[in-house]
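Enquirer: Have a peek at final17.pdb (PDB, C-alpha atoms, pLDDT in the B column).
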```
ATOM      1  CA  GLY A   1     -12.127   4.300 -22.191  1.00 87.00           C
ATOM      2  CA  ASN A   2     -11.883   5.182 -18.530  1.00 90.00           C
ATOM      3  CA  SER A   3     -13.117   8.404 -16.999  1.00 92.00           C
ATOM      4  CA  VAL A   4     -14.633   9.883 -13.852  1.00 95.00           C
ATOM      5  CA  THR A   5     -17.229  12.638 -13.690  1.00 95.00           C
ATOM      6  CA  GLN A   6     -18.130  14.386 -10.471  1.00 94.00           C
ATOM      7  CA  MET A   7     -20.387  17.268  -9.622  1.00 87.00           C
ATOM      8  CA  GLU A   8     -18.966  20.725  -9.944  1.00 84.00           C
ATOM      9  CA  GLY A   9     -18.467  22.851  -6.900  1.00 85.00           C
ATOM     10  CA  PRO A  10     -18.100  24.646  -4.805  1.00 93.00           C
ATOM     11  CA  VAL A  11     -20.585  23.113  -2.424  1.00 96.00           C
ATOM     12  CA  THR A  12     -21.375  25.305   0.568  1.00 97.00           C
ATOM     13  CA  LEU A  13     -23.118  23.820   3.600  1.00 97.00           C
ATOM     14  CA  SER A  14     -23.807  24.767   7.172  1.00 97.00           C
ATOM     15  CA  GLU A  15     -22.304  22.683   9.948  1.00 97.00           C
ATOM     16  CA  GLU A  16     -24.298  19.486  10.675  1.00 97.00           C
ATOM     17  CA  ALA A  17     -25.909  19.489   7.223  1.00 97.00           C
ATOM     18  CA  PHE A  18     -26.107  16.346   5.078  1.00 98.00           C
ATOM     19  CA  LEU A  19     -23.544  16.028   2.301  1.00 97.00           C
ATOM     20  CA  THR A  20     -23.773  14.290  -1.056  1.00 97.00           C
ATOM     21  CA  ILE A  21     -21.157  14.614  -3.777  1.00 97.00           C
ATOM     22  CA  ASN A  22     -22.077  12.758  -6.936  1.00 97.00           C
ATOM     23  CA  CYS A  23     -19.590  10.670  -8.882  1.00 97.00           C
ATOM     24  CA  THR A  24     -20.137   8.529 -11.968  1.00 97.00           C
ATOM     25  CA  TYR A  25     -17.600   6.602 -13.967  1.00 96.00           C
ATOM     26  CA  THR A  26     -16.974   4.795 -17.222  1.00 95.00           C
ATOM     27  CA  ALA A  27     -14.510   1.957 -17.314  1.00 93.00           C
ATOM     28  CA  THR A  28     -13.535  -1.217 -19.069  1.00 86.00           C
ATOM     29  CA  GLY A  29     -13.289  -4.260 -16.890  1.00 83.00           C
ATOM     30  CA  TYR A  30     -13.740  -4.127 -13.119  1.00 86.00           C
ATOM     31  CA  PRO A  31     -12.166  -1.035 -11.595  1.00 93.00           C
ATOM     32  CA  SER A  32     -11.688  -0.231  -7.942  1.00 94.00           C
ATOM     33  CA  LEU A  33     -13.164   3.102  -6.839  1.00 97.00           C
ATOM     34  CA  PHE A  34     -11.852   5.708  -4.413  1.00 97.00           C
ATOM     35  CA  TRP A  35     -12.540   9.008  -2.757  1.00 97.00           C
ATOM     36  CA  TYR A  36      -9.563  11.195  -1.945  1.00 96.00           C
ATOM     37  CA  VAL A  37      -9.485  14.427   0.057  1.00 96.00           C
ATOM     38  CA  GLN A  38      -7.090  17.334  -0.417  1.00 93.00           C
ATOM     39  CA  TYR A  39      -6.551  20.025   2.203  1.00 92.00           C
ATOM     40  CA  PRO A  40      -5.016  23.357   1.172  1.00 87.00           C
ATOM     41  CA  GLY A  41      -1.350  23.123   0.289  1.00 84.00           C
ATOM     42  CA  GLU A  42      -1.222  19.352   0.697  1.00 86.00           C
ATOM     43  CA  GLY A  43      -1.241  16.241  -1.424  1.00 88.00           C
ATOM     44  CA  LEU A  44      -4.229  13.938  -1.701  1.00 91.00           C
ATOM     45  CA  GLN A  45      -5.131  11.520   1.070  1.00 93.00           C
ATOM     46  CA  LEU A  46      -7.206   8.410   0.639  1.00 94.00           C
ATOM     47  CA  LEU A  47     -10.597   8.815   2.317  1.00 97.00           C
ATOM     48  CA  LEU A  48     -12.267   5.526   1.408  1.00 97.00           C
ATOM     49  CA  LYS A  49     -12.359   2.835  -1.252  1.00 96.00           C
ATOM     50  CA  ALA A  50     -14.418   0.000  -2.673  1.00 96.00           C
ATOM     51  CA  THR A  51     -13.081  -2.842  -4.765  1.00 94.00           C
ATOM     52  CA  LYS A  52     -16.187  -4.511  -6.181  1.00 93.00           C
ATOM     53  CA  ALA A  53     -19.870  -3.982  -6.894  1.00 93.00           C
ATOM     54  CA  ASP A  54     -22.064  -3.372  -3.826  1.00 95.00           C
ATOM     55  CA  ASP A  55     -19.060  -2.777  -1.563  1.00 96.00           C
ATOM     56  CA  LYS A  56     -19.472   0.143   0.815  1.00 97.00           C
ATOM     57  CA  GLY A  57     -16.403   2.143   1.753  1.00 97.00           C
ATOM     58  CA  SER A  58     -16.498   4.186   4.935  1.00 97.00           C
ATOM     59  CA  ASN A  59     -14.175   6.350   6.997  1.00 97.00           C
ATOM     60  CA  LYS A  60     -14.553   9.289   9.402  1.00 95.00           C
ATOM     61  CA  GLY A  61     -18.328   9.333   8.936  1.00 97.00           C
ATOM     62  CA  PHE A  62     -18.098   9.401   5.120  1.00 98.00           C
ATOM     63  CA  GLU A  63     -19.618   6.587   3.063  1.00 98.00           C
ATOM     64  CA  ALA A  64     -19.843   5.586  -0.589  1.00 98.00           C
ATOM     65  CA  THR A  65     -21.333   2.498  -2.232  1.00 98.00           C
ATOM     66  CA  TYR A  66     -20.033   0.963  -5.467  1.00 97.00           C
ATOM     67  CA  ARG A  67     -23.095   0.808  -7.739  1.00 96.00           C
ATOM     68  CA  LYS A  68     -22.292  -1.074 -10.917  1.00 94.00           C
ATOM     69  CA  GLU A  69     -25.819  -0.804 -12.324  1.00 94.00           C
ATOM     70  CA  THR A  70     -25.684   3.002 -12.249  1.00 95.00           C
ATOM     71  CA  THR A  71     -21.854   3.259 -12.557  1.00 96.00           C
ATOM     72  CA  SER A  72     -21.843   5.541  -9.519  1.00 97.00           C
ATOM     73  CA  PHE A  73     -19.904   6.021  -6.299  1.00 98.00           C
ATOM     74  CA  HIS A  74     -21.557   8.948  -4.527  1.00 98.00           C
ATOM     75  CA  LEU A  75     -19.953  10.312  -1.368  1.00 98.00           C
ATOM     76  CA  GLU A  76     -22.212  10.978   1.636  1.00 98.00           C
ATOM     77  CA  LYS A  77     -21.885  12.203   5.183  1.00 98.00           C
ATOM     78  CA  GLY A  78     -24.736  12.652   7.618  1.00 97.00           C
ATOM     79  CA  SER A  79     -23.420  15.680   9.503  1.00 96.00           C
ATOM     80  CA  VAL A  80     -20.534  17.746   8.152  1.00 97.00           C
ATOM     81  CA  GLN A  81     -18.124  19.738  10.279  1.00 97.00           C
ATOM     82  CA  VAL A  82     -16.086  22.840   9.516  1.00 96.00           C
ATOM     83  CA  SER A  83     -13.002  20.629   9.513  1.00 95.00           C
ATOM     84  CA  ASP A  84     -14.421  18.725   6.504  1.00 97.00           C
ATOM     85  CA  SER A  85     -13.826  21.765   4.288  1.00 96.00           C
ATOM     86  CA  ALA A  86     -11.525  20.527   1.531  1.00 96.00           C
ATOM     87  CA  VAL A  87     -11.504  19.386  -2.087  1.00 95.00           C
ATOM     88  CA  TYR A  88     -12.827  15.876  -2.712  1.00 96.00           C
ATOM     89  CA  PHE A  89     -11.778  13.737  -5.671  1.00 95.00           C
ATOM     90  CA  CYS A  90     -13.433  10.618  -6.993  1.00 96.00           C
ATOM     91  CA  ALA A  91     -11.073   8.180  -8.731  1.00 96.00           C
ATOM     92  CA  LEU A  92     -10.813   4.745 -10.267  1.00 95.00           C
ATOM     93  CA  VAL A  93      -7.945   2.406 -11.030  1.00 93.00           C
ATOM     94  CA  ASN A  94      -7.893   0.078 -13.996  1.00 88.00           C
ATOM     95  CA  PHE A  95      -4.911  -1.933 -15.221  1.00 84.00           C
ATOM     96  CA  ASN A  96      -2.449   0.028 -13.062  1.00 84.00           C
ATOM     97  CA  LYS A  97      -3.662   3.445 -14.241  1.00 88.00           C
ATOM     98  CA  PHE A  98      -5.539   5.841 -11.994  1.00 91.00           C
ATOM     99  CA  TYR A  99      -8.159   8.265 -13.298  1.00 93.00           C
ATOM    100  CA  PHE A 100      -9.419  11.202 -11.256  1.00 93.00           C
ATOM    101  CA  GLY A 101     -12.455  13.414 -11.422  1.00 94.00           C
ATOM    102  CA  SER A 102     -12.068  17.174 -11.527  1.00 93.00           C
ATOM    103  CA  GLY A 103     -12.626  17.625  -7.805  1.00 94.00           C
ATOM    104  CA  THR A 104     -15.418  19.184  -5.754  1.00 95.00           C
ATOM    105  CA  LYS A 105     -14.626  21.909  -3.267  1.00 95.00           C
ATOM    106  CA  LEU A 106     -16.625  21.716  -0.050  1.00 97.00           C
ATOM    107  CA  ASN A 107     -17.018  24.744   2.200  1.00 96.00           C
ATOM    108  CA  VAL A 108     -18.636  24.173   5.590  1.00 97.00           C
ATOM    109  CA  LYS A 109     -19.740  27.256   7.507  1.00 97.00           C
ATOM    110  CA  PRO A 110     -20.132  27.328  11.300  1.00 95.00           C
TER     111      PRO A 110
ATOM    112  CA  ASN B   1       8.970   8.307   8.551  1.00 59.00           C
ATOM    113  CA  ALA B   2       9.300  10.634   5.539  1.00 71.00           C
ATOM    114  CA  GLY B   3       6.924   8.808   3.171  1.00 92.00           C
ATOM    115  CA  VAL B   4       6.945  10.543  -0.235  1.00 95.00           C
ATOM    116  CA  THR B   5       9.258  13.545  -0.577  1.00 95.00           C
ATOM    117  CA  GLN B   6       9.068  15.948  -3.501  1.00 96.00           C
ATOM    118  CA  THR B   7      11.596  18.643  -4.258  1.00 96.00           C
ATOM    119  CA  PRO B   8      11.531  21.497  -4.936  1.00 96.00           C
ATOM    120  CA  LYS B   9       8.237  22.820  -3.549  1.00 95.00           C
ATOM    121  CA  PHE B  10       8.203  25.795  -5.893  1.00 96.00           C
ATOM    122  CA  GLN B  11       9.981  26.525  -9.172  1.00 96.00           C
ATOM    123  CA  VAL B  12       9.848  29.248 -11.792  1.00 97.00           C
ATOM    124  CA  LEU B  13      11.293  28.518 -15.228  1.00 96.00           C
ATOM    125  CA  LYS B  14      11.656  30.404 -18.456  1.00 97.00           C
ATOM    126  CA  THR B  15      10.344  28.889 -21.668  1.00 97.00           C
ATOM    127  CA  GLY B  16      12.880  26.457 -23.077  1.00 97.00           C
ATOM    128  CA  GLN B  17      14.701  25.761 -19.817  1.00 97.00           C
ATOM    129  CA  SER B  18      15.062  22.232 -18.539  1.00 96.00           C
ATOM    130  CA  MET B  19      14.668  20.898 -15.049  1.00 96.00           C
ATOM    131  CA  THR B  20      14.080  17.750 -13.033  1.00 97.00           C
ATOM    132  CA  LEU B  21      11.407  17.319 -10.386  1.00 98.00           C
ATOM    133  CA  GLN B  22      12.537  14.892  -7.737  1.00 98.00           C
ATOM    134  CA  CYS B  23      10.452  12.254  -5.991  1.00 97.00           C
ATOM    135  CA  ALA B  24      11.826   9.941  -3.317  1.00 97.00           C
ATOM    136  CA  GLN B  25      10.059   7.383  -1.156  1.00 97.00           C
ATOM    137  CA  ASP B  26      11.147   5.313   1.815  1.00 95.00           C
ATOM    138  CA  MET B  27       8.237   2.855   1.895  1.00 94.00           C
ATOM    139  CA  ASN B  28       9.747   0.328  -0.525  1.00 94.00           C
ATOM    140  CA  HIS B  29       6.729   0.649  -2.819  1.00 95.00           C
ATOM    141  CA  GLU B  30       7.064  -0.832  -6.267  1.00 95.00           C
ATOM    142  CA  TYR B  31       4.611   1.500  -7.999  1.00 95.00           C
ATOM    143  CA  MET B  32       5.394   5.206  -8.470  1.00 96.00           C
ATOM    144  CA  SER B  33       3.605   7.779 -10.572  1.00 96.00           C
ATOM    145  CA  TRP B  34       3.531  11.426 -11.586  1.00 97.00           C
ATOM    146  CA  TYR B  35       0.415  13.572 -11.968  1.00 96.00           C
ATOM    147  CA  ARG B  36      -0.270  17.134 -12.897  1.00 96.00           C
ATOM    148  CA  GLN B  37      -3.131  19.031 -11.309  1.00 93.00           C
ATOM    149  CA  ASP B  38      -4.769  21.840 -13.245  1.00 91.00           C
ATOM    150  CA  PRO B  39      -7.829  23.893 -12.245  1.00 85.00           C
ATOM    151  CA  GLY B  40     -11.075  22.206 -13.236  1.00 80.00           C
ATOM    152  CA  MET B  41      -9.301  19.123 -14.561  1.00 82.00           C
ATOM    153  CA  GLY B  42      -8.409  17.122 -11.502  1.00 85.00           C
ATOM    154  CA  LEU B  43      -5.247  15.031 -11.599  1.00 91.00           C
ATOM    155  CA  ARG B  44      -3.971  13.577 -14.838  1.00 93.00           C
ATOM    156  CA  LEU B  45      -1.439  10.782 -14.994  1.00 94.00           C
ATOM    157  CA  ILE B  46       1.803  11.684 -16.776  1.00 97.00           C
ATOM    158  CA  HIS B  47       4.003   8.591 -16.349  1.00 97.00           C
ATOM    159  CA  TYR B  48       4.132   5.665 -13.999  1.00 95.00           C
ATOM    160  CA  SER B  49       6.461   2.834 -13.051  1.00 96.00           C
ATOM    161  CA  VAL B  50       5.676  -0.611 -11.639  1.00 94.00           C
ATOM    162  CA  GLY B  51       9.255  -1.234 -10.580  1.00 94.00           C
ATOM    163  CA  ALA B  52      12.907  -0.335 -11.129  1.00 93.00           C
ATOM    164  CA  GLY B  53      13.740  -0.300 -14.828  1.00 94.00           C
ATOM    165  CA  ILE B  54      10.087  -0.234 -15.935  1.00 95.00           C
ATOM    166  CA  THR B  55       8.168   2.880 -16.945  1.00 96.00           C
ATOM    167  CA  ASP B  56       5.030   3.542 -18.975  1.00 95.00           C
ATOM    168  CA  GLN B  57       3.010   6.478 -20.247  1.00 95.00           C
ATOM    169  CA  GLY B  58      -0.135   7.857 -18.702  1.00 93.00           C
ATOM    170  CA  GLU B  59      -2.737  10.225 -20.161  1.00 90.00           C
ATOM    171  CA  VAL B  60      -0.511  13.248 -20.773  1.00 95.00           C
ATOM    172  CA  PRO B  61       3.123  12.112 -21.307  1.00 96.00           C
ATOM    173  CA  ASN B  62       4.199  14.574 -24.012  1.00 96.00           C
ATOM    174  CA  GLY B  63       6.974  16.931 -22.947  1.00 96.00           C
ATOM    175  CA  TYR B  64       8.018  14.781 -19.976  1.00 97.00           C
ATOM    176  CA  ASN B  65      10.594  12.045 -19.513  1.00 97.00           C
ATOM    177  CA  VAL B  66      11.055   9.625 -16.636  1.00 97.00           C
ATOM    178  CA  SER B  67      13.410   6.871 -15.595  1.00 96.00           C
ATOM    179  CA  ARG B  68      13.445   4.474 -12.647  1.00 97.00           C
ATOM    180  CA  SER B  69      16.909   3.247 -11.781  1.00 96.00           C
ATOM    181  CA  THR B  70      16.123   2.542  -8.106  1.00 96.00           C
ATOM    182  CA  THR B  71      13.040   1.602  -6.118  1.00 96.00           C
ATOM    183  CA  GLU B  72      13.305   4.811  -4.086  1.00 96.00           C
ATOM    184  CA  ASP B  73      13.539   7.489  -6.779  1.00 97.00           C
ATOM    185  CA  PHE B  74      11.381   8.492  -9.730  1.00 98.00           C
ATOM    186  CA  PRO B  75      12.470  11.812 -11.244  1.00 98.00           C
ATOM    187  CA  LEU B  76      10.385  13.699 -13.788  1.00 98.00           C
ATOM    188  CA  ARG B  77      12.299  15.635 -16.457  1.00 98.00           C
ATOM    189  CA  LEU B  78      11.139  18.586 -18.500  1.00 96.00           C
ATOM    190  CA  LEU B  79      13.598  18.902 -21.377  1.00 92.00           C
ATOM    191  CA  SER B  80      12.275  22.186 -22.785  1.00 96.00           C
ATOM    192  CA  ALA B  81       9.685  23.837 -20.567  1.00 96.00           C
ATOM    193  CA  ALA B  82       6.587  25.433 -22.096  1.00 97.00           C
ATOM    194  CA  PRO B  83       3.967  27.711 -20.498  1.00 97.00           C
ATOM    195  CA  SER B  84       1.418  24.889 -20.922  1.00 96.00           C
ATOM    196  CA  GLN B  85       3.420  22.938 -18.338  1.00 97.00           C
ATOM    197  CA  THR B  86       2.597  25.453 -15.622  1.00 97.00           C
ATOM    198  CA  SER B  87       0.868  23.278 -13.058  1.00 97.00           C
ATOM    199  CA  VAL B  88       1.112  21.571  -9.693  1.00 95.00           C
ATOM    200  CA  TYR B  89       2.881  18.237  -9.924  1.00 97.00           C
ATOM    201  CA  PHE B  90       2.284  15.352  -7.551  1.00 96.00           C
ATOM    202  CA  CYS B  91       4.228  12.163  -7.096  1.00 97.00           C
ATOM    203  CA  ALA B  92       2.461   9.135  -5.644  1.00 96.00           C
ATOM    204  CA  THR B  93       3.469   5.609  -4.634  1.00 96.00           C
ATOM    205  CA  LYS B  94       1.675   2.418  -3.786  1.00 94.00           C
ATOM    206  CA  PRO B  95       2.615  -1.128  -2.874  1.00 92.00           C
ATOM    207  CA  TYR B  96       2.330  -3.716  -5.611  1.00 85.00           C
ATOM    208  CA  ASP B  97      -0.541  -5.611  -4.038  1.00 86.00           C
ATOM    209  CA  LYS B  98      -2.755  -2.768  -2.814  1.00 86.00           C
ATOM    210  CA  ASN B  99      -4.434   0.080  -4.683  1.00 86.00           C
ATOM    211  CA  ILE B 100      -3.809   2.659  -1.965  1.00 88.00           C
ATOM    212  CA  GLN B 101      -1.724   5.571  -3.183  1.00 91.00           C
ATOM    213  CA  TYR B 102       0.380   7.842  -0.981  1.00 93.00           C
ATOM    214  CA  PHE B 103       0.969  11.349  -2.303  1.00 93.00           C
ATOM    215  CA  GLY B 104       3.768  13.820  -1.868  1.00 94.00           C
ATOM    216  CA  ALA B 105       3.065  17.451  -0.978  1.00 92.00           C
ATOM    217  CA  GLY B 106       3.494  18.625  -4.566  1.00 94.00           C
ATOM    218  CA  THR B 107       5.705  20.910  -6.652  1.00 96.00           C
ATOM    219  CA  ARG B 108       4.223  24.153  -7.950  1.00 95.00           C
ATOM    220  CA  LEU B 109       5.820  24.986 -11.294  1.00 97.00           C
ATOM    221  CA  SER B 110       5.424  28.192 -13.268  1.00 97.00           C
ATOM    222  CA  VAL B 111       6.802  28.514 -16.783  1.00 97.00           C
ATOM    223  CA  LEU B 112       7.053  32.080 -18.056  1.00 96.00           C
TER     224      LEU B 112
END
```
Represent the structure from my file as structure tokens, please.
Expert:
Amino acid sequence: GNSVTQMEGPVTLSEEAFLTINCTYTATGYPSLFWYVQYPGEGLQLLLKATKADDKGSNKGFEATYRKETTSFHLEKGSVQVSDSAVYFCALVNFNKFYFGSGTKLNVKP
Amino acid sequence: NAGVTQTPKFQVLKTGQSMTLQCAQDMNHEYMSWYRQDPGMGLRLIHYSVGAGITDQGEVPNGYNVSRSTTEDFPLRLLSAAPSQTSVYFCATKPYDKNIQYFGAGTRLSVL
């Protein structure tokens, strides 16, 4: 079947620290992979995506690389800001169905 | 540009009541979907539609009905609400040829 597993939160970091949020997946076929971000009281927004193995998605300083050999899509950012505080979701799409991880809450302190 | 509009934003129901959550989009996207978001479980797909007149089940369809008579609207119906349906519901759309979803702001539903 299809599923997404991501590290539990919350993750608390100081401003300018390095961020990694782990995400692994199981899927049949060749899924596309995504990271979404959710700010309080809002719907999810696409942060970045990758459509095939070895693709790197990037946006707003965040990066993630589609690793087929380890079935992973870890989210990284070199220097987080207070404004990055949010909940981050890893997701995949396969045959028109989207599957989301449970979300990781990130708190960035000044 | 409204994007994806969900109504209502908040709703409280009693067990056994029925209601319809509305979702409307003005982006002419073929694909529309409904999710529920529960603590510690992320988003789970309830139903989706790839175009007017076509719907299909997601992971957790039981207790919910949908129909898609127009491209713009995709209502979600609870025929007999249960406390287990207390959740935040999100509608999302995407164009046929791209896997980029656009989400509404959500409906927070409590069933007492």
Enquirer: Nearest to Phe34 (chain A): which of A:Thr20, A:Ser14, A:Asn107, A:Asn94 is it, counting all atoms listed in the file?
Expert: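 Using all atoms listed in the file, the shortest distance to Phe34 (chain A) belongs to A:Asn94.
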Enquirer: Counting only C-alpha atoms, which residues in chain A sit no more than 12 Å from chain B? For each one, give the nearest pair of atoms and the distance in Å, sorted by chain then residue number, as a Markdown table.
Expert:
```
| residue | atom | partner | partner_atom | distance |
| --- | --- | --- | --- | --- |
| A:Gly1 | CA | B:Glu59 | CA | 11.3 |
| A:Asn2 | CA | B:Glu59 | CA | 10.6 |
| A:Ser3 | CA | B:Arg44 | CA | 10.7 |
| A:Val4 | CA | B:Gly42 | CA | 9.8 |
| A:Thr5 | CA | B:Gly42 | CA | 10.1 |
| A:Gln6 | CA | B:Gly42 | CA | 10.2 |
| A:Met7 | CA | B:Gly40 | CA | 11.1 |
| A:Glu8 | CA | B:Gly40 | CA | 8.7 |
| A:Gly9 | CA | B:Gly40 | CA | 9.8 |
| A:Pro10 | CA | B:Gly40 | CA | 11.2 |
| A:Pro31 | CA | B:Asn99 | CA | 10.4 |
| A:Ser32 | CA | B:Asn99 | CA | 8.0 |
| A:Leu33 | CA | B:Asn99 | CA | 9.5 |
| A:Phe34 | CA | B:Ile100 | CA | 8.9 |
| A:Trp35 | CA | B:Ile100 | CA | 10.8 |
| A:Tyr36 | CA | B:Gln101 | CA | 9.7 |
| A:Val37 | CA | B:Phe103 | CA | 11.2 |
| A:Gln38 | CA | B:Ala105 | CA | 10.2 |
| A:Tyr39 | CA | B:Ala105 | CA | 10.5 |
| A:Pro40 | CA | B:Ala105 | CA | 10.2 |
| A:Gly41 | CA | B:Ala105 | CA | 7.3 |
| A:Glu42 | CA | B:Ala105 | CA | 5.0 |
| A:Gly43 | CA | B:Ala105 | CA | 4.5 |
| A:Leu44 | CA | B:Phe103 | CA | 5.8 |
| A:Gln45 | CA | B:Tyr102 | CA | 6.9 |
| A:Leu46 | CA | B:Ile100 | CA | 7.2 |
| A:Leu47 | CA | B:Ile100 | CA | 10.1 |
| A:Leu48 | CA | B:Ile100 | CA | 9.5 |
| A:Lys49 | CA | B:Ile100 | CA | 8.6 |
| A:Ala50 | CA | B:Asn99 | CA | 10.2 |
| A:Thr51 | CA | B:Asn99 | CA | 9.1 |
| A:Val87 | CA | B:Gly42 | CA | 10.2 |
| A:Tyr88 | CA | B:Gly42 | CA | 9.9 |
| A:Phe89 | CA | B:Gly42 | CA | 7.5 |
| A:Cys90 | CA | B:Gly42 | CA | 9.4 |
| A:Ala91 | CA | B:Leu43 | CA | 9.4 |
| A:Leu92 | CA | B:Asn99 | CA | 9.7 |
| A:Val93 | CA | B:Asn99 | CA | 7.6 |
| A:Asn94 | CA | B:Asn99 | CA | 9.9 |
| A:Phe95 | CA | B:Asn99 | CA | 10.7 |
| A:Asn96 | CA | B:Val50 | CA | 8.3 |
| A:Lys97 | CA | B:Gly58 | CA | 7.2 |
| A:Phe98 | CA | B:Leu45 | CA | 7.1 |
| A:Tyr99 | CA | B:Arg44 | CA | 6.9 |
| A:Phe100 | CA | B:Leu43 | CA | 5.7 |
| A:Gly101 | CA | B:Gly42 | CA | 5.5 |
| A:Ser102 | CA | B:Gly42 | CA | 3.7 |
| A:Gly103 | CA | B:Gly42 | CA | 5.6 |
| A:Thr104 | CA | B:Gly40 | CA | 9.2 |
| A:Lys105 | CA | B:Gly40 | CA | 10.6 |
```
Enquirer: Have a look at CA of Gly78 (chain A) and CA of Thr26 (chain A) and let me know their distance in Å, one decimal.
Expert: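 Answer for the CA of Gly78 (chain A) to CA of Thr26 (chain A) separation: 27.2 Å.
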Enquirer: If you apply the PyMOL selection byres ((chain B and resi 78) around 9) to this file, what residues do you get, as a list in words?
Expert: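 So the PyMOL selection byres ((chain B and resi 78) around 9), applied here, picks out Gln17, Ser18, Met19, Thr20, Leu21, Gly63, Tyr64, Asn65, Leu76, Arg77, Leu79, Ser80, Ala81, Ala82 and Gln85 of chain B.
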Enquirer: For a cutoff of 6 Å around the file-coordinate point (4.9, -4.7, -2.5), which residues qualify once you count only C-alpha atoms? I'd like the result as a PDB file with C-alpha atoms, keeping the file's coordinate frame.
Expert:
```pdb
ATOM      1  CA  HIS B  29       6.729   0.649  -2.819  1.00 95.00           C
ATOM      2  CA  GLU B  30       7.064  -0.832  -6.267  1.00 95.00           C
ATOM      3  CA  PRO B  95       2.615  -1.128  -2.874  1.00 92.00           C
ATOM      4  CA  TYR B  96       2.330  -3.716  -5.611  1.00 85.00           C
ATOM      5  CA  ASP B  97      -0.541  -5.611  -4.038  1.00 86.00           C
TER       6      ASP B  97
END
```
Enquirer: So which residues get picked by the PyMOL selection byres ((chain A and resi 74-76) around 7) here, written as a list in words?
Expert: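 This file gives the following for the PyMOL selection byres ((chain A and resi 74-76) around 7): Leu19, Thr20, Ile21, Asn22, Cys23, Phe62, Glu63, Ala64, Thr65, Ser72, Phe73, Lys77 and Gly78 of chain A.
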Enquirer: Using all atoms of region 45-57 of chain A that appear in the file, construct an axis-aligned enclosing box with 4 Å of padding on every side and provide its centre coordinates and edge lengths in Å, rounded to one decimal, as AutoDock Vina command-line options.
Expert:
```
--center_x -13.6 --center_y 3.5 --center_z -2.3 --size_x 24.9 --size_y 24.0 --size_z 17.2
```
Enquirer: Give as a list in words the residues that the PyMOL selection byres ((chain B and resi 109) around 8) matches when applied to the coordinates above.
Expert: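 Residues picked by the PyMOL selection byres ((chain B and resi 109) around 8): Phe10, Gln11, Val12, Leu13, Gln85, Thr86, Ser87, Val88, Tyr89, Thr107, Arg108, Ser110 and Val111 of chain B.
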Enquirer: Near Glu16 (chain A), counting only C-alpha atoms, which residues have an atom at most 12 Å away, once you skip same-chain residues fewer than 6 positions from it, shown as a list in words?
Expert: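 The residues that qualify are Gly61, Lys77, Gly78, Ser79, Val80, Gln81, Val82, Ser83, Asp84, Val108, Lys109 and Pro110 of chain A.
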Enquirer: If you measure from CA of Tyr30 (chain A) to CA of Lys52 (chain A), what distance in Å do you get, rounded to one decimal?
Expert: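 Distance between the two atoms: 7.4 Å.
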Enquirer: Using CA of Glu69 (chain A) and CA of Lys56 (chain A) as the two end points, give the distance in Å to one decimal.
Expert: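 Going from CA of Glu69 (chain A) over to CA of Lys56 (chain A) covers 14.6 Å.
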Enquirer: Which residues are near Asn28 (chain B)? Cut-off 7 Å, all atoms listed in the file, ignore same chain within fewer than 2 positions. Put them as a PyMOL selection string.
Expert: chain B and resi 26+30+71-72
Enquirer: Could you give me region 66-77 of chain A completed to N, CA and C atoms, formatted as a short mmCIF file (atom, residue, chain, number, x, y, z; two decimals), in the frame of the given file?
Expert:
```cif
data_model
loop_
_atom_site.label_atom_id
_atom_site.label_comp_id
_atom_site.auth_asym_id
_atom_site.auth_seq_id
_atom_site.Cartn_x
_atom_site.Cartn_y
_atom_site.Cartn_z
N TYR A 66 -20.39 1.29 -4.08
CA TYR A 66 -20.03 0.96 -5.47
C TYR A 66 -21.28 0.42 -6.15
N ARG A 67 -21.88 1.21 -7.04
CA ARG A 67 -23.10 0.81 -7.74
C ARG A 67 -22.77 0.54 -9.20
N LYS A 68 -22.66 -0.73 -9.54
CA LYS A 68 -22.29 -1.07 -10.92
C LYS A 68 -23.44 -0.78 -11.88
N GLU A 69 -24.69 -0.97 -11.42
CA GLU A 69 -25.82 -0.80 -12.32
C GLU A 69 -26.00 0.65 -12.76
N THR A 70 -25.58 1.59 -11.90
CA THR A 70 -25.68 3.00 -12.25
C THR A 70 -24.31 3.63 -12.47
N THR A 71 -23.26 2.81 -12.44
CA THR A 71 -21.85 3.26 -12.56
C THR A 71 -21.61 4.50 -11.70
N SER A 72 -21.96 4.40 -10.41
CA SER A 72 -21.84 5.54 -9.52
C SER A 72 -21.13 5.17 -8.24
N PHE A 73 -20.63 6.20 -7.58
CA PHE A 73 -19.90 6.02 -6.30
C PHE A 73 -20.05 7.34 -5.54
N HIS A 74 -21.25 7.66 -5.16
CA HIS A 74 -21.56 8.95 -4.53
C HIS A 74 -21.05 9.00 -3.09
N LEU A 75 -20.48 10.13 -2.72
CA LEU A 75 -19.95 10.31 -1.37
C LEU A 75 -21.02 10.96 -0.50
N GLU A 76 -21.21 10.44 0.72
CA GLU A 76 -22.21 10.98 1.64
C GLU A 76 -21.64 11.10 3.04
N LYS A 77 -22.18 12.09 3.76
CA LYS A 77 -21.88 12.20 5.18
C LYS A 77 -23.11 12.81 5.85
#
```
